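**Student:** As input, take input_30.cif (mmCIF, C-alpha atoms):
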data_target
loop_
_atom_site.label_atom_id
_atom_site.label_comp_id
_atom_site.auth_asym_id
_atom_site.auth_seq_id
_atom_site.Cartn_x
_atom_site.Cartn_y
_atom_site.Cartn_z
CA MET A 484 81.67 81.41 109.67
CA ARG A 485 80.87 85.07 109.04
CA ARG A 486 79.62 86.99 112.06
CA ALA A 487 76.28 87.76 110.37
CA ASP A 488 75.77 84.03 109.77
CA ARG A 489 76.72 83.28 113.36
CA LEU A 490 74.19 85.78 114.70
CA PHE A 491 71.50 84.20 112.54
CA GLN A 492 72.44 80.71 113.77
CA ILE A 493 72.29 81.81 117.41
CA ILE A 494 68.71 82.96 116.87
CA GLN A 495 67.93 79.63 115.20
CA ILE A 496 69.40 77.68 118.12
CA LEU A 497 67.35 79.67 120.63
CA ARG A 498 64.19 79.53 118.53
CA ARG A 499 64.15 75.73 118.29
CA SER A 500 64.70 75.19 122.04
CA SER A 501 61.97 75.40 124.67
CA ARG A 502 64.54 75.65 127.48
CA PRO A 503 67.40 78.04 128.23
CA VAL A 504 70.47 77.32 126.12
CA THR A 505 73.87 77.86 127.72
CA ALA A 506 76.72 79.73 126.09
CA ASP A 507 78.71 76.48 126.24
CA ALA A 508 76.09 74.68 124.16
CA ILE A 509 75.89 77.50 121.62
CA ALA A 510 79.68 77.73 121.35
CA GLY A 511 79.94 73.97 120.87
CA GLU A 512 77.39 73.90 118.05
CA LEU A 513 78.90 76.89 116.27
CA GLU A 514 82.49 75.78 116.92
CA THR A 515 83.44 79.12 118.42
CA SER A 516 84.43 80.44 121.85
CA LYS A 517 82.13 81.34 124.73
CA ARG A 518 83.57 84.85 124.65
CA SER A 519 82.40 85.21 121.04
CA VAL A 520 78.95 83.94 122.03
CA TYR A 521 78.73 86.53 124.84
CA ARG A 522 79.67 89.29 122.41
CA ASP A 523 77.18 88.04 119.83
CA ILE A 524 74.36 87.82 122.38
CA ALA A 525 75.12 91.39 123.47
CA ALA A 526 75.06 92.51 119.84
CA LEU A 527 71.69 90.84 119.23
CA VAL A 528 70.21 92.40 122.37
CA GLY A 529 71.55 95.74 121.16
CA GLN A 530 69.63 95.18 117.92
CA ARG A 531 66.46 94.67 119.99
CA VAL A 532 66.28 90.93 119.56
CA PRO A 533 64.29 89.86 122.67
CA ILE A 534 66.79 87.47 124.27
CA ARG A 535 66.55 86.91 128.01
CA GLY A 536 69.11 85.24 130.26
CA GLU A 537 72.62 85.62 131.53
CA ALA A 538 76.03 84.02 131.38
CA GLY A 539 76.19 80.71 133.25
CA VAL A 540 72.42 80.24 133.30
CA GLY A 541 71.30 80.19 129.70
CA TYR A 542 69.43 82.22 127.13
CA VAL A 543 65.90 82.07 125.74
CA LEU A 544 64.28 83.85 122.82
CA GLU A 545 61.01 85.45 123.85
CA ARG A 546 57.87 84.38 122.04
CA GLY A 547 56.60 86.52 119.21
CA PHE A 548 59.97 87.20 117.61
CA ASP A 549 60.66 85.77 114.19
CA LEU A 550 62.92 86.16 111.20
CA PRO A 551 61.71 86.31 107.61
CA PRO A 552 60.30 82.79 107.20
CA LEU A 553 62.13 81.87 104.00
CA MET A 554 65.71 82.66 104.97
CA LEU A 555 66.47 78.96 104.54
CA THR A 556 69.70 77.11 103.89
CA ALA A 557 70.04 74.49 101.14
CA ASP A 558 69.85 71.70 103.73
CA GLU A 559 66.74 73.21 105.31
CA LEU A 560 65.01 73.38 101.92
CA GLU A 561 65.89 69.76 101.15
CA ALA A 562 64.62 68.75 104.60
CA ALA A 563 61.31 70.52 103.91
CA VAL A 564 60.95 68.83 100.53
CA LEU A 565 61.88 65.40 101.91
CA GLY A 566 59.33 65.75 104.69
CA ALA A 567 56.62 66.93 102.30
CA GLN A 568 57.35 64.07 99.89
CA TRP A 569 57.02 61.55 102.71
CA VAL A 570 53.69 63.08 103.76
CA GLN A 571 52.46 62.94 100.15
CA GLY A 572 53.14 59.21 100.08
CA HIS A 573 52.10 58.22 103.59
CA GLY A 574 49.66 60.83 104.89
CA ASP A 575 45.90 60.83 104.44
CA ALA A 576 44.40 62.61 101.43
CA GLY A 577 44.04 65.97 103.22
CA LEU A 578 47.65 66.04 104.39
CA ALA A 579 48.91 64.83 101.01
CA ARG A 580 47.23 67.82 99.32
CA ALA A 581 48.61 70.14 102.01
CA ALA A 582 52.13 68.80 101.38
CA GLN A 583 51.82 69.56 97.66
CA ASP A 584 50.57 73.06 98.44
CA LEU A 585 53.45 73.59 100.87
CA ILE A 586 56.09 72.79 98.26
CA ALA A 587 54.36 75.05 95.74
CA LYS A 588 54.20 77.96 98.21
CA ILE A 589 57.87 77.62 99.15
CA ALA A 590 58.92 77.37 95.50
CA ALA A 591 57.01 80.56 94.69
CA ALA A 592 58.68 82.49 97.49
CA VAL A 593 62.34 81.41 97.61
CA PRO A 594 64.98 83.10 95.44
CA ALA A 595 65.33 81.70 91.92
CA HIS A 596 68.75 80.13 92.58
CA LEU A 597 67.22 77.94 95.32
CA ARG A 598 64.25 76.63 93.33
CA PRO A 599 66.15 73.69 91.81
CA LEU A 600 66.57 72.35 95.34
CA LEU A 601 62.78 72.12 95.54
CA LEU A 602 61.96 70.99 92.04
CA ASP A 603 64.81 68.50 91.64
CA ALA A 604 65.98 67.72 95.17
CA SER A 605 68.82 65.26 95.70
CA SER A 606 66.98 63.69 98.66
CA ARG A 607 63.90 61.66 97.80
CA ALA A 608 61.19 59.91 99.79
CA VAL A 609 59.98 56.72 98.11
CA SER A 610 56.20 56.68 97.95
CA GLY A 611 54.46 54.02 100.03
CA TRP A 612 50.91 55.03 99.10
CA SER A 613 50.05 51.77 97.34
CA THR A 614 51.12 49.70 100.38
CA ILE A 615 48.80 51.48 102.82
CA PRO A 616 45.23 50.14 103.06
CA PRO A 617 42.54 52.79 102.48
CA ASP A 618 41.24 54.52 105.59
CA ARG A 619 37.72 53.78 106.81
CA LEU A 620 37.77 56.86 109.03
CA ASP A 621 38.02 60.48 107.91
CA ALA A 622 41.43 61.47 109.28
CA GLY A 623 40.75 65.16 108.65
CA ILE A 624 37.76 65.15 111.00
CA ALA A 625 39.71 63.05 113.50
CA ARG A 626 42.50 65.65 113.56
CA ALA A 627 39.91 68.37 114.27
CA TRP A 628 38.53 66.31 117.19
CA ILE A 629 42.05 65.80 118.53
CA ARG A 630 42.71 69.53 118.48
CA SER A 631 39.41 70.29 120.23
CA GLY A 632 39.79 67.53 122.83
CA ARG A 633 36.51 65.77 122.09
CA LYS A 634 35.62 62.10 122.41
CA MET A 635 34.94 59.61 119.65
CA ALA A 636 32.87 56.41 119.67
CA ILE A 637 34.26 53.81 117.28
CA ALA A 638 33.57 50.27 116.17
CA TYR A 639 36.87 48.46 115.68
CA GLN A 640 37.65 45.18 113.96
CA ASP A 641 40.96 43.68 115.05
CA ALA A 642 43.31 41.40 113.09
CA ASP A 643 41.26 38.35 114.17
CA ASP A 644 38.01 39.95 112.95
CA HIS A 645 36.74 40.52 116.50
CA LEU A 646 34.49 43.58 116.61
CA THR A 647 34.39 45.83 119.67
CA GLU A 648 32.83 49.21 120.39
CA ARG A 649 34.95 51.77 122.20
CA VAL A 650 34.76 55.35 123.43
CA ILE A 651 38.19 56.91 123.07
CA TRP A 652 39.93 60.18 123.80
CA PRO A 653 41.85 60.76 120.56
CA ILE A 654 45.28 62.39 121.00
CA ALA A 655 47.25 61.75 117.78
CA ILE A 656 47.33 60.12 114.37
CA GLY A 657 50.43 58.08 113.63
CA TYR A 658 51.70 57.79 110.06
CA LEU A 659 53.69 54.60 109.49
CA ASN A 660 55.10 53.07 106.32
CA SER A 661 52.35 50.44 106.14
CA ALA A 662 49.38 51.91 108.05
CA ARG A 663 47.88 54.98 109.66
CA LEU A 664 46.96 54.79 113.34
CA LEU A 665 44.51 56.61 115.58
CA ILE A 666 46.03 56.87 119.04
CA GLY A 667 43.88 57.50 122.07
CA TRP A 668 42.93 56.68 125.63
CA CYS A 669 40.39 53.84 125.54
CA GLU A 670 37.66 54.00 128.16
CA LEU A 671 37.00 50.26 127.75
CA ARG A 672 40.61 49.19 128.40
CA GLN A 673 41.54 52.15 130.66
CA ASP A 674 44.79 52.53 128.79
CA PHE A 675 46.26 53.96 125.63
CA ARG A 676 45.50 52.02 122.48
CA HIS A 677 46.44 52.24 118.79
CA PHE A 678 43.72 51.71 116.18
CA ARG A 679 44.46 51.20 112.50
CA LEU A 680 42.33 53.55 110.41
CA ASP A 681 41.55 50.80 107.90
CA ARG A 682 39.99 48.68 110.69
CA VAL A 683 37.68 51.37 112.14
CA THR A 684 34.35 50.20 110.74
CA ASP A 685 32.27 53.06 112.15
CA ALA A 686 32.90 56.30 114.01
CA GLN A 687 30.75 58.87 115.79
CA PHE A 688 32.30 62.23 116.59
CA LEU A 689 30.90 63.21 119.97
CA ASP A 690 30.44 66.70 121.41
CA GLU A 691 31.64 65.64 124.87
CA ARG A 692 35.11 66.85 125.78
CA PHE A 693 37.50 64.60 127.66
CA PRO A 694 38.81 65.84 131.02
CA GLU A 695 42.52 66.19 130.24
CA ARG A 696 44.22 68.39 127.64
CA PRO A 697 45.41 66.48 124.54
CA ALA A 698 48.97 67.73 125.07
CA ILE A 699 49.05 66.27 128.60
CA LEU A 700 47.74 62.94 127.35
CA ARG A 701 50.28 62.88 124.53
CA ALA A 702 53.07 63.40 127.06
CA LYS A 703 51.74 60.49 129.15
CA TRP A 704 51.47 58.30 126.04
CA LEU A 705 55.05 59.08 125.02
CA LYS A 706 56.20 58.20 128.53
CA THR A 707 54.52 54.80 128.28
CA LEU A 708 56.31 54.18 124.99
CA GLU A 709 59.65 55.07 126.56
CA GLN A 710 59.01 52.73 129.49
CA ALA A 711 58.12 49.91 127.10
CA CYS A 712 61.43 50.19 125.23
#
Could you take the file, read its structure, and then write that structure out as structure tokens?
**Tutor:**
Amino acid sequence: MRRADRLFQIIQILRRSSRPVTADAIAGELETSKRSVYRDIAALVGQRVPIRGEAGVGYVLERGFDLPPLMLTADELEAAVLGAQWVQGHGDAGLARAAQDLIAKIAAAVPAHLRPLLLDASSRAVSGWSTIPPDRLDAGIARAWIRSGRKMAIAYQDADDHLTERVIWPIAIGYLNSARLLIGWCELRQDFRHFRLDRVTDAQFLDERFPERPAILRAKWLKTLEQAC
């Protein structure tokens, strides 16, 4: 690997991690020596890349630093296209349009020799749109309520046609191959619950904010999933 490529990859490794990354970990991923990593880190710091840390502890890239956004490898481009294709086939209408726009924006900006990787990618996501029942809840508004941390009142019809009314604290929308789910803390059940969007018969978007930050609730929800496995 050329040194310029290695320097770029070190920045990528640090950028994708929220915790300090040790020289051992960087050397292992790049298949090089720790001594080379130390030299490369010193070179990056000398070029005013805001890396903090020290040998034996780990390194972090300070927030606010970025590289030109479209310096992408062939695999990264195919990953972006594959993800966007999946969203087109499984996301709600708003996200499906956004995925199309994303591919178009990337195609307009990448060098000409990389465009075939976008327009005729070797990796394909098979559309599952026709297998997903239509939503009875506007997922776009639900996403806005999730971001703002506000409550929703819903009427929900389960698989046995039982209808219940709930006040929930929405924290995420899950996109599965066969359904889309609204995930939230249910005040009625005092626990996290998953609601299929095609079974939400009515929804009121309330102004009242719930007491915990959505990110904290998502972390708690993920922990419950881990404990259930």
**Student:** Where does the PyMOL selection byres ((chain A and resi 528) around 12) land in this file, that is, which residues does it pick, as a JSON list (two decimals) with C-alpha atoms, in the coordinates of the input?
**Tutor:**
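Result file follows (expr-v2.json):
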[["chain", "number", "residue", "atom", "x", "y", "z"],
["A", 490, "LEU", "CA", 74.19, 85.78, 114.70],
["A", 493, "ILE", "CA", 72.29, 81.81, 117.41],
["A", 494, "ILE", "CA", 68.71, 82.96, 116.87],
["A", 521, "TYR", "CA", 78.73, 86.53, 124.84],
["A", 522, "ARG", "CA", 79.67, 89.29, 122.41],
["A", 523, "ASP", "CA", 77.18, 88.04, 119.83],
["A", 524, "ILE", "CA", 74.36, 87.82, 122.38],
["A", 525, "ALA", "CA", 75.12, 91.39, 123.47],
["A", 526, "ALA", "CA", 75.06, 92.51, 119.84],
["A", 527, "LEU", "CA", 71.69, 90.84, 119.23],
["A", 529, "GLY", "CA", 71.55, 95.74, 121.16],
["A", 530, "GLN", "CA", 69.63, 95.18, 117.92],
["A", 531, "ARG", "CA", 66.46, 94.67, 119.99],
["A", 532, "VAL", "CA", 66.28, 90.93, 119.56],
["A", 533, "PRO", "CA", 64.29, 89.86, 122.67],
["A", 534, "ILE", "CA", 66.79, 87.47, 124.27],
["A", 535, "ARG", "CA", 66.55, 86.91, 128.01],
["A", 536, "GLY", "CA", 69.11, 85.24, 130.26],
["A", 537, "GLU", "CA", 72.62, 85.62, 131.53],
["A", 542, "TYR", "CA", 69.43, 82.22, 127.13],
["A", 543, "VAL", "CA", 65.90, 82.07, 125.74],
["A", 544, "LEU", "CA", 64.28, 83.85, 122.82],
["A", 545, "GLU", "CA", 61.01, 85.45, 123.85]]
**Student:** Check the smallest atom-to-atom distance from each of A:Glu670, A:Ala642, A:Leu689, A:Val540 to Pro503 (chain A) using only C-alpha atoms, then report the winner.
**Tutor:**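 Between A:Glu670, A:Ala642, A:Leu689, A:Val540, the residue approaching Pro503 (chain A) most closely is A:Val540.
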**Student:** Please compute the CA of Arg682 (chain A)-CA of Leu646 (chain A) distance, one decimal, in Å.
**Tutor:** 9.6 Å
**Student:** Residue by residue, what does the PyMOL selection byres ((chain A and resi 684) around 7) grab here? Present the result as a list in words.
**Tutor:**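 Evaluating the PyMOL selection byres ((chain A and resi 684) around 7) on these coordinates yields Arg619, Ala638, Tyr639, Gln640, Arg682, Val683 and Asp685 of chain A.
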**Student:** In Å, how far is it from CA of Ala662 (chain A) to CA of Pro617 (chain A)?
**Tutor:** 8.9 Å
**Student:** Pull out every residue that the PyMOL selection byres ((chain A and resi 706-711) around 12) matches in the shown coordinates and put them as an MDAnalysis selection string.
**Tutor:** chainID A and resid 674:677 699:705 712
**Student:** Please, what distance in Å, to one decimal, runs between CA of Trp628 (chain A) and CA of Pro653 (chain A)?
**Tutor:**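 Going from CA of Trp628 (chain A) over to CA of Pro653 (chain A), I get 7.3 Å.
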**Student:** Taking all atoms listed in the file into account, which of A:Leu600, A:Gly539, A:Glu514, A:Ala592 comes nearest Val564 (chain A)?
**Tutor:**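 Nearest candidate to Val564 (chain A) out of A:Leu600, A:Gly539, A:Glu514, A:Ala592: A:Leu600.
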**Student:** Which is closer to Ala581 (chain A) than all the others in A:Ala508, A:Gly623, A:Ile615, A:Arg663, using all atoms listed in the file?
**Tutor:**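 Selected residue with least distance to Ala581 (chain A): A:Gly623.
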**Student:** Which of these, A:Met635, A:Arg546, A:Ala510, A:Ala655, has the shortest distance to Arg498 (chain A) once you count all atoms listed in the file?
**Tutor:** A:Arg546
**Student:** Neighbouring residues of Gln583 (chain A) were defined as those with any atom within 9 Å, considering only C-alpha atoms; residues of the same chain fewer than 4 positions away were excluded. Please report them as a count of residues only.
**Tutor:** 7
**Student:** With distances taken over all atoms listed in the file, which of A:Arg502, A:Arg692, A:Arg679, A:Arg489 is nearest to Pro616 (chain A)?
**Tutor:**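 So, comparing all the options, the nearest one is A:Arg679.
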**Student:** Grab all the atoms of region 650-656 of chain A that the file lists, wrap them in a box along x, y and z, add 3 Å per side, and give me centre plus edge lengths in Å (one decimal) as AutoDock Vina command-line options.
**Tutor:**
--center_x 41.0 --center_y 58.9 --center_z 119.1 --size_x 18.6 --size_y 13.0 --size_z 15.4
**Student:** When distances are computed from all atoms listed in the file, which of A:Arg649, A:Gly667, A:Ser631, A:Tyr658 shows the smallest separation from Asp690 (chain A)?
**Tutor:**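 Using all atoms listed in the file, Asp690 (chain A) sits closest to A:Ser631.
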**Student:** So that I can check the surroundings of Ile496 (chain A), please list as a list in words every protein, DNA and RNA residue that reaches within 9 Å of it, counting only C-alpha atoms and ignoring chain neighbours fewer than 6 positions away.
**Tutor:**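 My list of contacting residues is Val504, Ile509 and Glu512 of chain A.
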